[in-house]
Structure formats: C-alpha cells, structure tokens
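Comments concern the structure below.
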Amino acid sequence: MKFDLHTHHVRCGHANGTIEDYIIAGIDTGLQVIGISDHSPYFYHKEDQPSPGIAMARSDFAGYVEEVLRLKAKYEGKIEVLLGMESDFFPEYADSYRKAYEGVPFDYLIGSVHQVSGVSIFNRNRWKGLNEKQHVVVKKSYYDLIQQSARSGMFDILGHIDAMKGYYPAFSGIPAHEHVDETLRVIAESGVSIEINTSGSTKDVGGWYPSDDILERALHFGVNVTFGSDAHVPSRVGDEWELVRKRLKEIGFSQWVFYRKRQQVIVPL
C-alpha cells in the first residue's frame, strides 16, 4: 500500500496549490492513501495570523478541517484522504494546542519542533560564532524538545527529527549521539512513530530526514516509521517513496505504518 502522510497547501503561506491539487497528484502517482497535514496555526498567539508566511490563520482552521472532510467524502473509492495536521510543539503552550484539537476528527497529528530557543531550526545563521561546546548544547536542546513532544501524548508521528541539518549539514556530525539514542528510546517507549521525510533532498543537506544512521538506531530501539514527502508543491507528492521503501528493507525494517482515526495501521514493506 502506497501512502504519503505529510502534505501542505496554500493556507500555510509557503506552499502552492489547493488541498484538492494534492489529492489529485496523489491519485496520479498511485497512492492509495494521502494525508493532508498543513501547518497548525499559532493557537497561543493573540493575533489571528502572526506569521502569514509560516502557518495558517487561526480563523482558517475550521475551514481547513471542513474542506479535508468534504474531499475525503468526494474521493472515497478513488483514494483514502486522511485528516492530519503538522503541529508545532512549544512545551509552554501545549495546553493551547490540546484545547484547539479537542473534538476534531483527526486521523493523526504530526508533532514537529521548528524552533529552538526561539530561533528557527532552519536558520543557518544561528551557528555563526559558536564553539564546539555550544554546538552540542544547541543539538541537545533540540532533542530535549523532541523527547518532550514524544512524552506529551499529543502526537502520533514526530516530524523530521534531524531537520536542523537541512541548511547546516554539519549538524549531523555534532557529537551528541548518546542524546540522540536517548531520544529514540523515549520515542519507542512513548509509542509514537517517526517519519522518513524526503523534503531534505530539496535543502542544502540533499538527503532525507532522518539519516540512515538514525534509522538504523531507530530499528534497534523498536521505533515505528512512516512516510511523508512534506510536499509544498503537488508535484512532490509521494516523492522517492519507492527508494525509501527499498532503503528501509535494506536497513532491516519489515513494516511501516500509517494512521486512521488515531489508530496505527501496519503495512508490510
């Protein structure tokens, strides 16, 4: 079964195309299941849309849910459309997000850490002038947040768990392997999955999130995996799915998962 759980659309302000464009692209690329998972609003913020180029407006949230559910019904029998969301994780504001999600018929939620100490993980300038010890502190802070997101109980999937390497490939070499291993243990114990996210191939690092090294250790710790293209244009839906499937089998995985009504569905590789 071919699936893609991580797609965006125009509401977030930095993706192209409507939700329906992504569904049609999914059909064209042979998906049986497509998840719509646009960026969550900043539910804690006093402004409706404090960052128009990053996340949807709070006032757009209900319309987003309604549209996905309408399209789920429209395309039934052609492709299974899942209602998801890529949710920011800010531990200090977690309750605002929990409240916003209450009663919403999500199939799954992706929890993603996009900021560390108030700075975007994709901001390459954060590394300027830092010594090796400071590099380690930043990396550990990132994985501390990922551990907290796993323990929060809010999410089914954790998004792009080494995405700090996107515009700073040297991130992977920062010596904090024991901390990464501890994070994988926490993820496994929490019962959440990690995604293989192929959007890293569009960034400076030129490869998937997470690295093969992390995937090998994830297998060791018993972490479940899923697939997400993180498409911000319809043409990337399902991007490199077959290559990912092949690589996971080479690493030693025998299955991956997707989610329906917050329940895990196991798919053999």
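Naming scheme: A, B, ... for chains in displayed order of the structure tokens; residues 1 onward per chain; ligands 1 onward as shown.
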Practice problem: Step one, run DSSP on the backbone; step two, keep only residues of region 118-263 of chain A assigned to alpha helix (DSSP H); then write them as a VMD selection string. | Solution: chain A and resid 132 to 151 177 to 190 212 to 221 241 to 251
Nearby residues (only C-alpha atoms) at most 10 Å from region 179-183 of chain A, same-chain spacing under 3 positions excluded, as an mmCIF file with N, CA, C and O atoms, in the first residue's frame:
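What follows is the written file out-v5.cif:
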```
data_model
loop_
_atom_site.group_PDB
_atom_site.id
_atom_site.type_symbol
_atom_site.label_atom_id
_atom_site.label_comp_id
_atom_site.auth_asym_id
_atom_site.auth_seq_id
_atom_site.Cartn_x
_atom_site.Cartn_y
_atom_site.Cartn_z
ATOM 1 N N VAL A 136 27.033 21.557 20.714
ATOM 2 C CA VAL A 136 26.468 20.404 21.422
ATOM 3 C C VAL A 136 25.256 20.829 22.253
ATOM 4 O O VAL A 136 24.235 20.123 22.277
ATOM 5 N N LYS A 139 22.267 21.236 19.948
ATOM 6 C CA LYS A 139 21.754 19.947 19.477
ATOM 7 C C LYS A 139 21.011 19.224 20.599
ATOM 8 O O LYS A 139 19.934 18.652 20.374
ATOM 9 N N LYS A 140 21.570 19.233 21.794
ATOM 10 C CA LYS A 140 20.892 18.579 22.915
ATOM 11 C C LYS A 140 19.565 19.260 23.222
ATOM 12 O O LYS A 140 18.567 18.590 23.558
ATOM 13 N N SER A 141 19.520 20.576 23.109
ATOM 14 C CA SER A 141 18.273 21.307 23.353
ATOM 15 C C SER A 141 17.201 20.893 22.357
ATOM 16 O O SER A 141 16.020 20.741 22.711
ATOM 17 N N TYR A 142 17.611 20.712 21.119
ATOM 18 C CA TYR A 142 16.688 20.264 20.065
ATOM 19 C C TYR A 142 16.115 18.895 20.412
ATOM 20 O O TYR A 142 14.892 18.684 20.387
ATOM 21 N N TYR A 143 16.973 17.976 20.777
ATOM 22 C CA TYR A 143 16.485 16.626 21.079
ATOM 23 C C TYR A 143 15.742 16.561 22.416
ATOM 24 O O TYR A 143 14.856 15.712 22.586
ATOM 25 N N ASP A 144 16.046 17.453 23.333
ATOM 26 C CA ASP A 144 15.231 17.542 24.554
ATOM 27 C C ASP A 144 13.782 17.894 24.199
ATOM 28 O O ASP A 144 12.833 17.325 24.764
ATOM 29 N N LEU A 145 13.609 18.821 23.277
ATOM 30 C CA LEU A 145 12.263 19.209 22.854
ATOM 31 C C LEU A 145 11.556 18.060 22.146
ATOM 32 O O LEU A 145 10.350 17.844 22.345
ATOM 33 N N ILE A 146 12.296 17.315 21.336
ATOM 34 C CA ILE A 146 11.701 16.161 20.660
ATOM 35 C C ILE A 146 11.272 15.117 21.685
ATOM 36 O O ILE A 146 10.184 14.521 21.565
ATOM 37 N N GLN A 147 12.093 14.906 22.705
ATOM 38 C CA GLN A 147 11.698 13.972 23.769
ATOM 39 C C GLN A 147 10.419 14.447 24.458
ATOM 40 O O GLN A 147 9.504 13.647 24.723
ATOM 41 N N GLN A 148 10.337 15.718 24.750
ATOM 42 C CA GLN A 148 9.138 16.258 25.392
ATOM 43 C C GLN A 148 7.918 16.088 24.495
ATOM 44 O O GLN A 148 6.817 15.773 24.983
ATOM 45 N N ALA A 150 7.430 13.738 22.312
ATOM 46 C CA ALA A 150 7.061 12.320 22.349
ATOM 47 C C ALA A 150 6.285 11.987 23.616
ATOM 48 O O ALA A 150 5.285 11.261 23.589
ATOM 49 N N ILE A 161 13.005 14.417 12.375
ATOM 50 C CA ILE A 161 13.693 14.529 13.665
ATOM 51 C C ILE A 161 15.181 14.884 13.594
ATOM 52 O O ILE A 161 15.831 14.945 14.648
ATOM 53 N N ASP A 162 15.731 15.135 12.424
ATOM 54 C CA ASP A 162 17.074 15.741 12.372
ATOM 55 C C ASP A 162 17.105 16.896 11.373
ATOM 56 O O ASP A 162 18.123 17.180 10.748
ATOM 57 N N PRO A 175 28.834 16.043 18.069
ATOM 58 C CA PRO A 175 28.896 14.848 18.907
ATOM 59 C C PRO A 175 27.867 14.843 20.041
ATOM 60 O O PRO A 175 28.131 15.349 21.143
ATOM 61 N N ALA A 176 26.716 14.261 19.759
ATOM 62 C CA ALA A 176 25.661 14.144 20.783
ATOM 63 C C ALA A 176 24.902 12.836 20.560
ATOM 64 O O ALA A 176 23.696 12.760 20.754
ATOM 65 N N VAL A 186 13.083 7.126 24.146
ATOM 66 C CA VAL A 186 11.863 7.793 24.621
ATOM 67 C C VAL A 186 10.752 7.666 23.582
ATOM 68 O O VAL A 186 9.589 7.399 23.920
ATOM 69 N N ILE A 187 11.094 7.844 22.317
ATOM 70 C CA ILE A 187 10.098 7.724 21.247
ATOM 71 C C ILE A 187 9.505 6.321 21.235
ATOM 72 O O ILE A 187 8.279 6.144 21.144
ATOM 73 N N ALA A 188 10.373 5.316 21.328
ATOM 74 C CA ALA A 188 9.889 3.937 21.323
ATOM 75 C C ALA A 188 8.983 3.677 22.526
ATOM 76 O O ALA A 188 7.904 3.078 22.384
ATOM 77 N N GLU A 189 9.395 4.130 23.694
ATOM 78 C CA GLU A 189 8.601 3.921 24.904
ATOM 79 C C GLU A 189 7.273 4.658 24.841
ATOM 80 O O GLU A 189 6.272 4.200 25.419
ATOM 81 N N ILE A 214 20.532 7.279 11.957
ATOM 82 C CA ILE A 214 19.453 7.370 12.937
ATOM 83 C C ILE A 214 18.403 6.299 12.682
ATOM 84 O O ILE A 214 17.872 5.691 13.629
ATOM 85 N N ARG A 217 19.539 3.043 14.147
ATOM 86 C CA ARG A 217 19.392 3.023 15.594
ATOM 87 C C ARG A 217 17.923 3.000 15.997
ATOM 88 O O ARG A 217 17.550 2.397 17.013
ATOM 89 N N ALA A 218 17.067 3.645 15.205
ATOM 90 C CA ALA A 218 15.630 3.587 15.474
ATOM 91 C C ALA A 218 15.126 2.147 15.395
ATOM 92 O O ALA A 218 14.315 1.715 16.225
ATOM 93 N N HIS A 220 16.899 -0.494 15.997
ATOM 94 C CA HIS A 220 17.437 -1.154 17.192
ATOM 95 C C HIS A 220 16.552 -0.911 18.410
ATOM 96 O O HIS A 220 16.306 -1.819 19.213
ATOM 97 N N PHE A 221 16.041 0.310 18.544
ATOM 98 C CA PHE A 221 15.237 0.654 19.714
ATOM 99 C C PHE A 221 13.753 0.321 19.536
ATOM 100 O O PHE A 221 12.971 0.504 20.474
#
```
Contacts of region 74-76 of chain A at 12 Å (only C-alpha atoms; same-chain gap of 6+ positions) as a compact mmCIF listing (two decimals) with N, CA and C atoms, in the first residue's frame:
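Saved file part_22.txt follows:
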```txt
# COMPACT_ATOMS: atom_id res chain seq x y z
N GLU A 20 -7.14 19.94 -2.91
CA GLU A 20 -7.58 19.04 -3.96
C GLU A 20 -6.47 18.78 -4.98
N ILE A 23 -4.47 15.98 -3.60
CA ILE A 23 -5.19 14.70 -3.69
C ILE A 23 -5.13 14.16 -5.11
N ILE A 24 -5.34 15.01 -6.09
CA ILE A 24 -5.27 14.58 -7.49
C ILE A 24 -3.86 14.11 -7.83
N GLY A 26 -1.82 12.81 -5.76
CA GLY A 26 -1.68 11.51 -5.11
C GLY A 26 -2.27 10.39 -5.94
N ILE A 27 -3.41 10.64 -6.51
CA ILE A 27 -4.03 9.65 -7.40
C ILE A 27 -3.14 9.39 -8.60
N GLN A 32 -2.60 5.02 -2.57
CA GLN A 32 -3.89 4.55 -2.07
C GLN A 32 -4.38 5.40 -0.90
N VAL A 33 -3.43 6.06 -0.22
CA VAL A 33 -3.74 6.86 0.96
C VAL A 33 -2.95 8.16 0.89
N ILE A 34 -3.63 9.28 1.12
CA ILE A 34 -2.92 10.55 1.23
C ILE A 34 -3.39 11.28 2.48
N GLU A 67 -12.89 21.37 4.81
CA GLU A 67 -12.51 21.08 3.42
C GLU A 67 -11.93 19.68 3.27
N VAL A 68 -11.06 19.29 4.19
CA VAL A 68 -10.48 17.95 4.12
C VAL A 68 -11.57 16.89 4.25
N LEU A 82 -6.89 11.35 4.44
CA LEU A 82 -6.81 11.38 5.89
C LEU A 82 -6.65 12.82 6.38
```
Query - Neighbour list for Ile110 (chain A) as a PyMOL selection string, cut-off 12 Å, only C-alpha atoms, skip fewer than 3 positions in-chain - result: chain A and resi 5-7+35-40+83-89+106-107+113+146+149-150+153-161+192-195+197+226-228+230+258-259+262
How about saving the chosen residues, C-alpha atoms kept, as a tab-separated table (two decimals), in the first residue's frame?
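Result went into out09.tsv, see below:
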```tsv
chain	number	residue	atom	x	y	z
A	5	LEU	CA	1.12	11.44	5.29
A	6	HIS	CA	2.86	14.80	5.04
A	7	THR	CA	1.50	17.37	2.58
A	35	GLY	CA	-2.73	12.56	4.43
A	36	ILE	CA	-3.32	16.30	4.46
A	37	SER	CA	-1.21	17.85	7.21
A	38	ASP	CA	-0.81	21.58	6.86
A	39	HIS	CA	1.00	23.71	9.45
A	40	SER	CA	-1.00	24.42	12.57
A	83	LEU	CA	-7.22	14.44	8.09
A	84	GLY	CA	-3.96	15.36	9.72
A	85	MET	CA	-2.00	18.40	10.80
A	86	GLU	CA	1.63	19.22	11.33
A	87	SER	CA	1.51	20.77	14.76
A	88	ASP	CA	4.20	22.95	16.22
A	89	PHE	CA	5.41	21.83	19.61
A	106	PHE	CA	-8.11	13.81	13.15
A	107	ASP	CA	-6.68	10.62	11.70
A	113	VAL	CA	9.93	21.05	16.59
A	146	ILE	CA	11.70	16.16	20.66
A	149	SER	CA	6.97	16.12	22.27
A	150	ALA	CA	7.06	12.32	22.35
A	153	GLY	CA	0.86	12.22	24.33
A	154	MET	CA	-0.37	14.73	21.76
A	155	PHE	CA	1.09	13.17	18.63
A	156	ASP	CA	1.05	10.02	16.54
A	157	ILE	CA	4.10	10.92	14.45
A	158	LEU	CA	7.17	13.06	15.07
A	159	GLY	CA	8.23	15.10	12.09
A	160	HIS	CA	11.71	15.33	10.52
A	161	ILE	CA	13.69	14.53	13.67
A	192	VAL	CA	4.85	7.30	18.58
A	193	SER	CA	6.34	6.92	15.11
A	194	ILE	CA	8.93	8.90	13.20
A	195	GLU	CA	8.61	9.83	9.57
A	197	ASN	CA	10.69	12.81	5.25
A	226	THR	CA	6.08	6.13	8.41
A	227	PHE	CA	6.47	8.11	5.19
A	228	GLY	CA	5.97	11.78	4.39
A	230	ASP	CA	6.47	17.07	3.15
A	258	PHE	CA	0.06	4.99	8.75
A	259	TYR	CA	-2.85	6.18	10.90
A	262	ARG	CA	-5.66	7.89	15.56
```
Those in region 51-259 of chain A with strand (DSSP E or B) from DSSP, as a PyMOL selection string = chain A and resi 80-83+86-88+110-112+115-116+119-120+157-158+193-197+209+224-228+231+255-259
Shortest contact to Asp60 (chain A), candidates A:Glu240, A:Asp213, A:Asp48, A:Glu178, atoms counted only C-alpha atoms, goes to A:Asp48
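When only C-alpha atoms are used to compute distances to Pro210 (chain A), the closest of the residues A:Gly252, A:Pro234, A:Gly17, A:Gly166 turns out to be A:Gly166.
Considering only C-alpha atoms, the residue among A:Arg124, A:His135, A:His9, A:Lys203 positioned nearest to Tyr64 (chain A) is A:His9.
Between CA of Ser51 (chain A) and CA of Gln115 (chain A) there is a distance of 13.7 Å.
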